[in-house]
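**Student:** Okay, handing you the structure first.
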Amino acid sequence: MRAVQVTRLDGPQALEINDVAAPQPAAHEVLIDVHRVGISFPDLLLSRGQYQLKPELPFTPGVDIAGTVAADGNGFTAGQRVAAVVPYGGGAEQVAVPAMFTFPLPDRLDYEQGAALPMNYLTAEFALAERAGLRSGETVLVHGAAGGVGTATLQVAKGLGATTIGVVSTEEKAEFARAAGADHTVLVDGFKDRVKELTGGQGVDVVLDVVGGDIFTDSLRCLGSQGRLLVVGFAAGQGIPEVKVNRLLLNNTDVRGVGWGEYAMKRPGYMQEQWQRLLPLMEDGTITPPVGKVYPLEQFGQALIDMDNRLTLGKSVIAVR
Ligand SMILES: NC(=O)c1ccc[n+]([C@@H]2O[C@H](COP(=O)([O-])OP(=O)(O)OC[C@H]3O[C@@H](n4cnc5c(N)ncnc54)[C@H](OP(=O)(O)O)[C@@H]3O)[C@@H](O)[C@H]2O)c1
């Protein structure tokens, strides 16, 4: 079968498409005929050897997949439409995935939307519900709001009854974030003052930060009393922000880390519980993942280069068949 491969850690331009042996599923695994693979930030970092995970070379990138089950077993039936998540290895025509990381795909969502779901939406649910303790009626400020985790967070927050403000770098991304469900959008340039205006000087209850870098201090300044800032990622790649802890004391605020993979991997069944909690939102349309661009398998590397150049809208997806 055909698979994308990282054979040397020279970044996305060095990816290869090679013929490899089809996987032989273990007893606890589901064999999936892959239709679509989602492009994820960790793929970019993995291709450069900059991710916390260091798979042996050669390896196949690809975290989120959607497709059909190849054979009955583990509670799934041949031909069933599913989405699934793996640490890497998704960019291939067939993938064997542990049943606990495989999820039935609702009829109203196509394979492209399915490949946009697992990592970003389960991360958003974990961040908002588990780490922030988000309550209905609260306001959430979402950085990178036209990106993958950003658009997922807008929709999950809406499903939990929150008002959302998306922070973006361009007017095009602002429009995309509003179409994805943001109640308000602000440009990153000067975002703190606009957020103060929009909240009548009160500030927001939760900030979800996938960007890091020099916006961090202004994000802290956007928090209202007992606000929580969620540290999710460092897409800006400018170095890790530092916190002057007197700011936390002055306004009774928290900075909370969000490591969805670390949490979910230690708790078998947790991802399935999360999927069950999100299913009603997938079925009523609150969750409708926005897919920006679909690339052929040969352009997996180009899709990562576009992500690196900040050109991605929503989730980018690779068509495998
Ligand atoms: N902690 C967890 O459990 C967890 C789970 C999943 C992902 N993540 C992390 O979350 C981060 C975002 O992932 P994603 O899939 O949402 O990525 P994405 O779709 O590329 O979105 C990231 C957003 O960050 C903004 N950005 C600002 N500076 C950037 C730069 N120099 N390069 C690229 N983007 C920049 C961009 O928005 P603007 O142009 O509008 O500023 C972009 O839309 C990554 O660091 C990823 O590793 C963490």
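Letters A, B, ... mark the chains of the structure tokens in the order given; residue numbers begin at 1 per chain; ligand numbers begin at 1, in order shown.
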Mind listing the residues within 7 Å of ligand 1, only C-alpha atoms and all ligand atoms counted, as a compact mmCIF listing (two decimals) with N, CA, C and O atoms, in the first residue's frame?

**Tutor:**
```
# COMPACT_ATOMS: atom_id res chain seq x y z
N SER A 40 -1.97 17.94 10.94
CA SER A 40 -1.90 18.43 12.31
C SER A 40 -0.54 19.06 12.59
O SER A 40 0.46 18.66 11.99
N PHE A 41 -0.53 19.99 13.52
CA PHE A 41 0.73 20.66 13.89
C PHE A 41 1.81 19.67 14.31
O PHE A 41 2.97 19.81 13.91
N PRO A 42 1.47 18.63 15.10
CA PRO A 42 2.51 17.66 15.48
C PRO A 42 3.19 16.99 14.27
O PRO A 42 4.37 16.64 14.35
N MET A 119 -8.41 14.74 17.27
CA MET A 119 -7.47 15.41 18.18
C MET A 119 -7.95 16.80 18.58
O MET A 119 -7.97 17.14 19.77
N ASN A 120 -8.38 17.61 17.63
CA ASN A 120 -8.70 19.00 17.96
C ASN A 120 -9.94 19.11 18.83
O ASN A 120 -9.98 19.89 19.79
N THR A 123 -9.30 17.60 22.32
CA THR A 123 -8.46 18.55 23.06
C THR A 123 -9.30 19.72 23.56
O THR A 123 -9.19 20.14 24.72
N GLY A 144 -5.64 31.98 17.76
CA GLY A 144 -5.54 31.11 16.57
C GLY A 144 -6.92 30.61 16.18
O GLY A 144 -7.08 29.44 15.81
N ALA A 145 -7.92 31.50 16.23
CA ALA A 145 -9.33 31.07 16.16
C ALA A 145 -9.76 30.58 14.78
O ALA A 145 -10.83 29.99 14.65
N ALA A 146 -8.94 30.81 13.74
CA ALA A 146 -9.28 30.26 12.42
C ALA A 146 -8.50 28.97 12.16
O ALA A 146 -8.63 28.37 11.10
N GLY A 147 -7.70 28.52 13.13
CA GLY A 147 -6.91 27.30 12.96
C GLY A 147 -7.68 26.06 13.40
O GLY A 147 -8.89 26.12 13.68
N GLY A 148 -6.97 24.94 13.45
CA GLY A 148 -7.61 23.66 13.77
C GLY A 148 -8.16 23.59 15.19
O GLY A 148 -9.36 23.43 15.41
N VAL A 149 -7.28 23.73 16.19
CA VAL A 149 -7.73 23.71 17.59
C VAL A 149 -8.65 24.91 17.84
O VAL A 149 -9.65 24.80 18.56
N GLY A 150 -8.33 26.05 17.21
CA GLY A 150 -9.13 27.26 17.43
C GLY A 150 -10.58 27.09 17.02
O GLY A 150 -11.50 27.35 17.80
N VAL A 167 -9.47 35.41 18.29
CA VAL A 167 -8.35 36.30 17.95
C VAL A 167 -7.67 35.75 16.70
O VAL A 167 -7.33 34.55 16.67
N VAL A 168 -7.49 36.60 15.69
CA VAL A 168 -6.92 36.16 14.41
C VAL A 168 -5.98 37.23 13.86
O VAL A 168 -6.03 38.37 14.30
N SER A 169 -5.18 36.84 12.84
CA SER A 169 -4.19 37.80 12.33
C SER A 169 -4.67 38.58 11.11
O SER A 169 -4.07 39.59 10.77
N THR A 170 -5.72 38.11 10.42
CA THR A 170 -6.17 38.80 9.20
C THR A 170 -7.70 38.86 9.15
O THR A 170 -8.38 38.09 9.82
N LYS A 173 -9.18 35.57 8.01
CA LYS A 173 -9.30 34.59 9.09
C LYS A 173 -10.43 34.97 10.04
O LYS A 173 -11.09 34.09 10.62
N VAL A 188 -5.33 40.30 16.14
CA VAL A 188 -4.33 40.08 17.19
C VAL A 188 -3.61 41.38 17.56
O VAL A 188 -3.28 41.60 18.72
N VAL A 210 -3.14 28.73 21.90
CA VAL A 210 -2.36 27.76 21.13
C VAL A 210 -1.13 28.43 20.50
O VAL A 210 -0.37 27.78 19.80
N VAL A 211 -0.96 29.74 20.73
CA VAL A 211 0.04 30.51 20.00
C VAL A 211 1.30 30.76 20.84
O VAL A 211 2.42 30.60 20.36
N VAL A 232 -2.08 25.71 25.71
CA VAL A 232 -2.34 24.54 24.86
C VAL A 232 -1.21 24.30 23.85
O VAL A 232 -0.90 23.16 23.52
N GLY A 233 -0.60 25.36 23.33
CA GLY A 233 0.43 25.16 22.32
C GLY A 233 1.25 26.41 22.09
O GLY A 233 0.98 27.48 22.66
N PHE A 234 2.27 26.25 21.24
CA PHE A 234 3.24 27.33 21.01
C PHE A 234 3.46 27.50 19.51
O PHE A 234 4.59 27.44 19.03
N ALA A 235 2.36 27.70 18.77
CA ALA A 235 2.46 27.76 17.30
C ALA A 235 3.38 28.88 16.85
O ALA A 235 4.01 28.77 15.80
N ALA A 236 3.49 29.96 17.63
CA ALA A 236 4.35 31.08 17.22
C ALA A 236 5.82 30.69 17.26
O ALA A 236 6.64 31.31 16.58
N GLY A 237 6.14 29.66 18.06
CA GLY A 237 7.52 29.16 18.11
C GLY A 237 8.52 30.19 18.58
O GLY A 237 9.69 30.14 18.22
N VAL A 258 -2.57 22.36 29.53
CA VAL A 258 -3.50 21.42 28.89
C VAL A 258 -2.66 20.42 28.09
O VAL A 258 -2.09 20.78 27.06
N GLY A 259 -2.59 19.19 28.55
CA GLY A 259 -1.90 18.13 27.82
C GLY A 259 -2.88 16.99 27.62
O GLY A 259 -2.91 16.04 28.40
N TRP A 260 -3.71 17.12 26.56
CA TRP A 260 -4.80 16.15 26.36
C TRP A 260 -4.26 14.73 26.18
O TRP A 260 -4.76 13.78 26.81
N GLY A 261 -3.23 14.58 25.33
CA GLY A 261 -2.71 13.23 25.04
C GLY A 261 -2.21 12.56 26.31
O GLY A 261 -2.53 11.41 26.59
N MET A 307 0.91 25.08 6.44
CA MET A 307 0.61 25.28 7.87
C MET A 307 1.73 26.09 8.54
O MET A 307 1.48 27.02 9.30
N ASP A 308 2.96 25.75 8.19
CA ASP A 308 4.12 26.44 8.75
C ASP A 308 4.11 27.92 8.36
O ASP A 308 4.57 28.77 9.11
N ASN A 309 3.59 28.20 7.15
CA ASN A 309 3.55 29.58 6.65
C ASN A 309 2.27 30.30 7.07
O ASN A 309 1.94 31.34 6.52
N ARG A 310 1.52 29.68 7.98
CA ARG A 310 0.35 30.34 8.57
C ARG A 310 -0.77 30.55 7.56
O ARG A 310 -1.56 31.48 7.68
N THR A 312 -3.00 28.14 6.67
CA THR A 312 -4.08 27.17 6.85
C THR A 312 -5.34 27.84 7.40
O THR A 312 -5.26 28.66 8.31
N LEU A 313 -6.49 27.44 6.86
CA LEU A 313 -7.78 27.84 7.42
C LEU A 313 -8.46 26.58 7.93
O LEU A 313 -8.63 25.62 7.18
N GLY A 314 -8.90 26.57 9.19
CA GLY A 314 -9.54 25.38 9.75
C GLY A 314 -8.60 24.20 9.69
O GLY A 314 -7.42 24.30 9.97
N LYS A 315 -9.14 23.05 9.27
CA LYS A 315 -8.31 21.84 9.17
C LYS A 315 -7.98 21.59 7.71
O LYS A 315 -8.88 21.60 6.86
```

**Student:** So which residues of region 29-119 of chain A fall under strand (DSSP E or B) by DSSP, listed as a VMD selection string?

**Tutor:** chain A and resid 29 to 38 59 64 to 69 73 76 81 to 85 92 94 to 98 102 to 104

**Student:** Go through A:Gln226, A:Leu122, A:Gly239, A:Phe300 and flag the residue nearest Gln274 (chain A), using only C-alpha atoms for the distances.

**Tutor:**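 Smallest separation from Gln274 (chain A) among the options: A:Leu122.
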
**Student:** Using only C-alpha atoms, determine which residues lie at most 9 Å from Val243 (chain A), disregarding the query and same-chain residues fewer than 3 positions distant; provide the list as a list in words.

**Tutor:**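 These residues fall inside the cut-off: Phe216, Thr217, Leu220, Asn246, Arg247, Leu248 and Val255 of chain A.
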
**Student:** Got time to write the residues from that selection, all heavy atoms, as a PDB file, in the first residue's frame?

**Tutor:**
```
ATOM      1  N   PHE A 216       1.303  36.507  25.309  1.00  0.00           N
ATOM      2  CA  PHE A 216       0.925  35.854  26.568  1.00  0.00           C
ATOM      3  C   PHE A 216       0.557  36.852  27.670  1.00  0.00           C
ATOM      4  O   PHE A 216      -0.467  36.710  28.342  1.00  0.00           O
ATOM      5  CB  PHE A 216       2.069  34.941  27.023  1.00  0.00           C
ATOM      6  CG  PHE A 216       1.685  34.006  28.121  1.00  0.00           C
ATOM      7  CD1 PHE A 216       1.026  32.821  27.852  1.00  0.00           C
ATOM      8  CD2 PHE A 216       1.954  34.324  29.446  1.00  0.00           C
ATOM      9  CE1 PHE A 216       0.652  31.951  28.867  1.00  0.00           C
ATOM     10  CE2 PHE A 216       1.583  33.453  30.469  1.00  0.00           C
ATOM     11  CZ  PHE A 216       0.934  32.269  30.178  1.00  0.00           C
ATOM     12  N   THR A 217       1.364  37.881  27.832  1.00  0.00           N
ATOM     13  CA  THR A 217       1.106  38.826  28.928  1.00  0.00           C
ATOM     14  C   THR A 217      -0.196  39.576  28.692  1.00  0.00           C
ATOM     15  O   THR A 217      -1.001  39.771  29.613  1.00  0.00           O
ATOM     16  CB  THR A 217       2.297  39.799  29.083  1.00  0.00           C
ATOM     17  OG1 THR A 217       3.452  38.991  29.318  1.00  0.00           O
ATOM     18  CG2 THR A 217       2.113  40.732  30.260  1.00  0.00           C
ATOM     19  N   LEU A 220      -3.069  37.385  29.711  1.00  0.00           N
ATOM     20  CA  LEU A 220      -3.303  37.427  31.166  1.00  0.00           C
ATOM     21  C   LEU A 220      -4.095  38.678  31.541  1.00  0.00           C
ATOM     22  O   LEU A 220      -4.978  38.633  32.401  1.00  0.00           O
ATOM     23  CB  LEU A 220      -1.969  37.441  31.914  1.00  0.00           C
ATOM     24  CG  LEU A 220      -1.276  36.109  32.157  1.00  0.00           C
ATOM     25  CD1 LEU A 220       0.051  36.355  32.866  1.00  0.00           C
ATOM     26  CD2 LEU A 220      -2.144  35.173  32.991  1.00  0.00           C
ATOM     27  N   ASN A 246       2.816  37.693  40.371  1.00  0.00           N
ATOM     28  CA  ASN A 246       2.038  38.733  41.068  1.00  0.00           C
ATOM     29  C   ASN A 246       0.769  39.069  40.305  1.00  0.00           C
ATOM     30  O   ASN A 246      -0.249  39.435  40.888  1.00  0.00           O
ATOM     31  CB  ASN A 246       2.906  39.981  41.303  1.00  0.00           C
ATOM     32  CG  ASN A 246       3.313  40.636  39.994  1.00  0.00           C
ATOM     33  OD1 ASN A 246       3.707  39.947  39.055  1.00  0.00           O
ATOM     34  ND2 ASN A 246       3.223  41.944  39.928  1.00  0.00           N
ATOM     35  N   ARG A 247       0.800  38.901  38.975  1.00  0.00           N
ATOM     36  CA  ARG A 247      -0.410  39.166  38.173  1.00  0.00           C
ATOM     37  C   ARG A 247      -1.547  38.229  38.568  1.00  0.00           C
ATOM     38  O   ARG A 247      -2.712  38.594  38.517  1.00  0.00           O
ATOM     39  CB  ARG A 247      -0.129  38.933  36.683  1.00  0.00           C
ATOM     40  CG  ARG A 247       0.735  39.967  36.055  1.00  0.00           C
ATOM     41  CD  ARG A 247       0.760  39.788  34.529  1.00  0.00           C
ATOM     42  NE  ARG A 247       1.908  40.485  33.977  1.00  0.00           N
ATOM     43  CZ  ARG A 247       2.001  41.805  33.877  1.00  0.00           C
ATOM     44  NH1 ARG A 247       1.021  42.576  34.266  1.00  0.00           N
ATOM     45  NH2 ARG A 247       3.094  42.360  33.382  1.00  0.00           N
ATOM     46  N   LEU A 248      -1.191  37.006  38.929  1.00  0.00           N
ATOM     47  CA  LEU A 248      -2.211  36.011  39.279  1.00  0.00           C
ATOM     48  C   LEU A 248      -2.858  36.386  40.611  1.00  0.00           C
ATOM     49  O   LEU A 248      -4.067  36.267  40.793  1.00  0.00           O
ATOM     50  CB  LEU A 248      -1.598  34.612  39.368  1.00  0.00           C
ATOM     51  CG  LEU A 248      -0.733  34.179  38.184  1.00  0.00           C
ATOM     52  CD1 LEU A 248      -0.248  32.737  38.377  1.00  0.00           C
ATOM     53  CD2 LEU A 248      -1.492  34.288  36.869  1.00  0.00           C
ATOM     54  N   VAL A 255      -3.189  30.135  35.639  1.00  0.00           N
ATOM     55  CA  VAL A 255      -2.633  29.640  34.376  1.00  0.00           C
ATOM     56  C   VAL A 255      -2.645  28.124  34.480  1.00  0.00           C
ATOM     57  O   VAL A 255      -2.093  27.571  35.435  1.00  0.00           O
ATOM     58  CB  VAL A 255      -1.195  30.148  34.147  1.00  0.00           C
ATOM     59  CG1 VAL A 255      -0.609  29.545  32.870  1.00  0.00           C
ATOM     60  CG2 VAL A 255      -1.173  31.662  34.071  1.00  0.00           C
TER      61      VAL A 255
END
```

**Student:** Taking only region 148-264 of chain A into account, list the residues labelled helix (DSSP H, G or I) by DSSP (computed from the backbone), as a PyMOL selection string.

**Tutor:** chain A and resi 148-159+171-180+191-198+213-222+246-251+260-264

**Student:** Just the residues within 6 Å of Val69 (chain A), please, counting only C-alpha atoms, with nothing from its chain fewer than 4 positions along; format it as a ChimeraX atom specification.

**Tutor:** /A:32,78-80

**Student:** How would the residues just chosen look if you wrote them out with N, CA, C and O atoms as an mmCIF file, in the first residue's frame?

**Tutor:**
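Printed below is result-v1.cif as written:
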```cif
data_model
loop_
_atom_site.group_PDB
_atom_site.id
_atom_site.type_symbol
_atom_site.label_atom_id
_atom_site.label_comp_id
_atom_site.auth_asym_id
_atom_site.auth_seq_id
_atom_site.Cartn_x
_atom_site.Cartn_y
_atom_site.Cartn_z
ATOM 1 N N ILE A 32 -8.499 -0.077 9.368
ATOM 2 C CA ILE A 32 -9.309 0.977 8.716
ATOM 3 C C ILE A 32 -8.778 1.242 7.310
ATOM 4 O O ILE A 32 -7.567 1.438 7.117
ATOM 5 N N ALA A 78 -17.658 -4.441 9.339
ATOM 6 C CA ALA A 78 -17.033 -4.119 8.040
ATOM 7 C C ALA A 78 -17.881 -3.076 7.319
ATOM 8 O O ALA A 78 -19.103 -3.186 7.255
ATOM 9 N N GLY A 79 -17.215 -2.055 6.800
ATOM 10 C CA GLY A 79 -17.905 -1.006 6.054
ATOM 11 C C GLY A 79 -18.368 0.154 6.914
ATOM 12 O O GLY A 79 -18.776 1.197 6.374
ATOM 13 N N GLN A 80 -18.300 0.005 8.234
ATOM 14 C CA GLN A 80 -18.756 1.086 9.126
ATOM 15 C C GLN A 80 -17.870 2.323 8.960
ATOM 16 O O GLN A 80 -16.638 2.216 8.865
#
```

**Student:** Would you list the contacts of Leu160 (chain A) as a ChimeraX atom specification, taking every protein, DNA or RNA residue within 8 Å and counting only C-alpha atoms, but skipping same-chain residues closer than 2 positions in sequence?

**Tutor:** /A:134-136,156-158,162

**Student:** Smallest atom-to-atom distance to Gln5 (chain A): which of A:Leu31, A:Val320, A:Gly301, A:Arg194, using only C-alpha atoms?

**Tutor:**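 Between A:Leu31, A:Val320, A:Gly301, A:Arg194, the residue approaching Gln5 (chain A) most closely is A:Gly301.
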
**Student:** Using only C-alpha atoms, which of A:Glu283, A:Gln50, A:Ala70, A:His184 sits nearest Gln24 (chain A)?

**Tutor:** A:Ala70

**Student:** Please provide as a ChimeraX atom specification all residues within 7 Å of Leu223 (chain A), with the sequence filter that same-chain residues fewer than 3 positions apart are discarded (counting only C-alpha atoms).

**Tutor:** /A:203-206,219-220,227

**Student:** Might you pull out every residue within 6 Å of region 82-91 of chain A, with only C-alpha atoms counted and same-chain residues fewer than 2 positions away left off, and present them as a PDB file with N, CA and C atoms, in the first residue's frame?

**Tutor:**
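Just written: out.pdb:
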```
ATOM      1  N   ALA A   3       2.081   4.902   1.386  1.00  0.00           N
ATOM      2  CA  ALA A   3       2.129   5.618   2.662  1.00  0.00           C
ATOM      3  C   ALA A   3       3.092   6.788   2.547  1.00  0.00           C
ATOM      4  N   VAL A   4       2.795   7.860   3.270  1.00  0.00           N
ATOM      5  CA  VAL A   4       3.744   8.967   3.396  1.00  0.00           C
ATOM      6  C   VAL A   4       4.810   8.516   4.369  1.00  0.00           C
ATOM      7  N   THR A  60       5.623   6.979   9.411  1.00  0.00           N
ATOM      8  CA  THR A  60       4.553   7.646   8.664  1.00  0.00           C
ATOM      9  C   THR A  60       3.883   8.673   9.562  1.00  0.00           C
ATOM     10  N   PRO A  61       3.817   9.945   9.131  1.00  0.00           N
ATOM     11  CA  PRO A  61       3.094  10.931   9.936  1.00  0.00           C
ATOM     12  C   PRO A  61       1.582  10.797   9.719  1.00  0.00           C
ATOM     13  N   GLY A  62       0.796  11.599  10.416  1.00  0.00           N
ATOM     14  CA  GLY A  62      -0.671  11.558  10.274  1.00  0.00           C
ATOM     15  C   GLY A  62      -1.314  11.128  11.582  1.00  0.00           C
ATOM     16  N   VAL A  63      -2.105  12.014  12.170  1.00  0.00           N
ATOM     17  CA  VAL A  63      -2.682  11.801  13.497  1.00  0.00           C
ATOM     18  C   VAL A  63      -4.166  11.439  13.412  1.00  0.00           C
ATOM     19  N   ASP A  64      -4.917  12.208  12.615  1.00  0.00           N
ATOM     20  CA  ASP A  64      -6.373  12.039  12.542  1.00  0.00           C
ATOM     21  C   ASP A  64      -6.750  11.382  11.221  1.00  0.00           C
ATOM     22  N   ILE A  65      -7.573  10.326  11.284  1.00  0.00           N
ATOM     23  CA  ILE A  65      -8.009   9.688  10.040  1.00  0.00           C
ATOM     24  C   ILE A  65      -9.523   9.471  10.045  1.00  0.00           C
ATOM     25  N   ALA A  66     -10.079   9.324   8.836  1.00  0.00           N
ATOM     26  CA  ALA A  66     -11.479   8.919   8.701  1.00  0.00           C
ATOM     27  C   ALA A  66     -11.562   7.937   7.543  1.00  0.00           C
ATOM     28  N   GLY A  67     -12.388   6.925   7.694  1.00  0.00           N
ATOM     29  CA  GLY A  67     -12.501   5.916   6.646  1.00  0.00           C
ATOM     30  C   GLY A  67     -13.520   4.861   7.029  1.00  0.00           C
ATOM     31  N   THR A  68     -13.328   3.664   6.454  1.00  0.00           N
ATOM     32  CA  THR A  68     -14.266   2.573   6.738  1.00  0.00           C
ATOM     33  C   THR A  68     -13.525   1.392   7.364  1.00  0.00           C
ATOM     34  N   PHE A 101      -9.358   3.984  20.400  1.00  0.00           N
ATOM     35  CA  PHE A 101      -9.098   5.269  19.738  1.00  0.00           C
ATOM     36  C   PHE A 101      -9.867   5.380  18.415  1.00  0.00           C
ATOM     37  N   THR A 102     -10.873   4.526  18.229  1.00  0.00           N
ATOM     38  CA  THR A 102     -11.681   4.506  16.996  1.00  0.00           C
ATOM     39  C   THR A 102     -13.116   4.865  17.362  1.00  0.00           C
ATOM     40  N   PHE A 103     -13.725   5.760  16.573  1.00  0.00           N
ATOM     41  CA  PHE A 103     -15.034   6.298  16.951  1.00  0.00           C
ATOM     42  C   PHE A 103     -16.002   6.224  15.772  1.00  0.00           C
ATOM     43  N   PRO A 104     -17.276   5.828  16.024  1.00  0.00           N
ATOM     44  CA  PRO A 104     -18.256   5.852  14.940  1.00  0.00           C
ATOM     45  C   PRO A 104     -18.491   7.279  14.454  1.00  0.00           C
ATOM     46  N   LEU A 105     -18.541   7.453  13.135  1.00  0.00           N
ATOM     47  CA  LEU A 105     -18.709   8.792  12.555  1.00  0.00           C
ATOM     48  C   LEU A 105     -20.199   9.024  12.268  1.00  0.00           C
ATOM     49  N   GLY A 114     -14.774  14.251   9.254  1.00  0.00           N
ATOM     50  CA  GLY A 114     -14.362  13.215  10.212  1.00  0.00           C
ATOM     51  C   GLY A 114     -12.880  13.287  10.528  1.00  0.00           C
TER      52      GLY A 114
END
```

**Student:** Distance CA of Gly133 (chain A)-CA of Leu229 (chain A), one decimal place?

**Tutor:**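 Atom-to-atom, CA of Gly133 (chain A) to CA of Leu229 (chain A), that is 11.6 Å.
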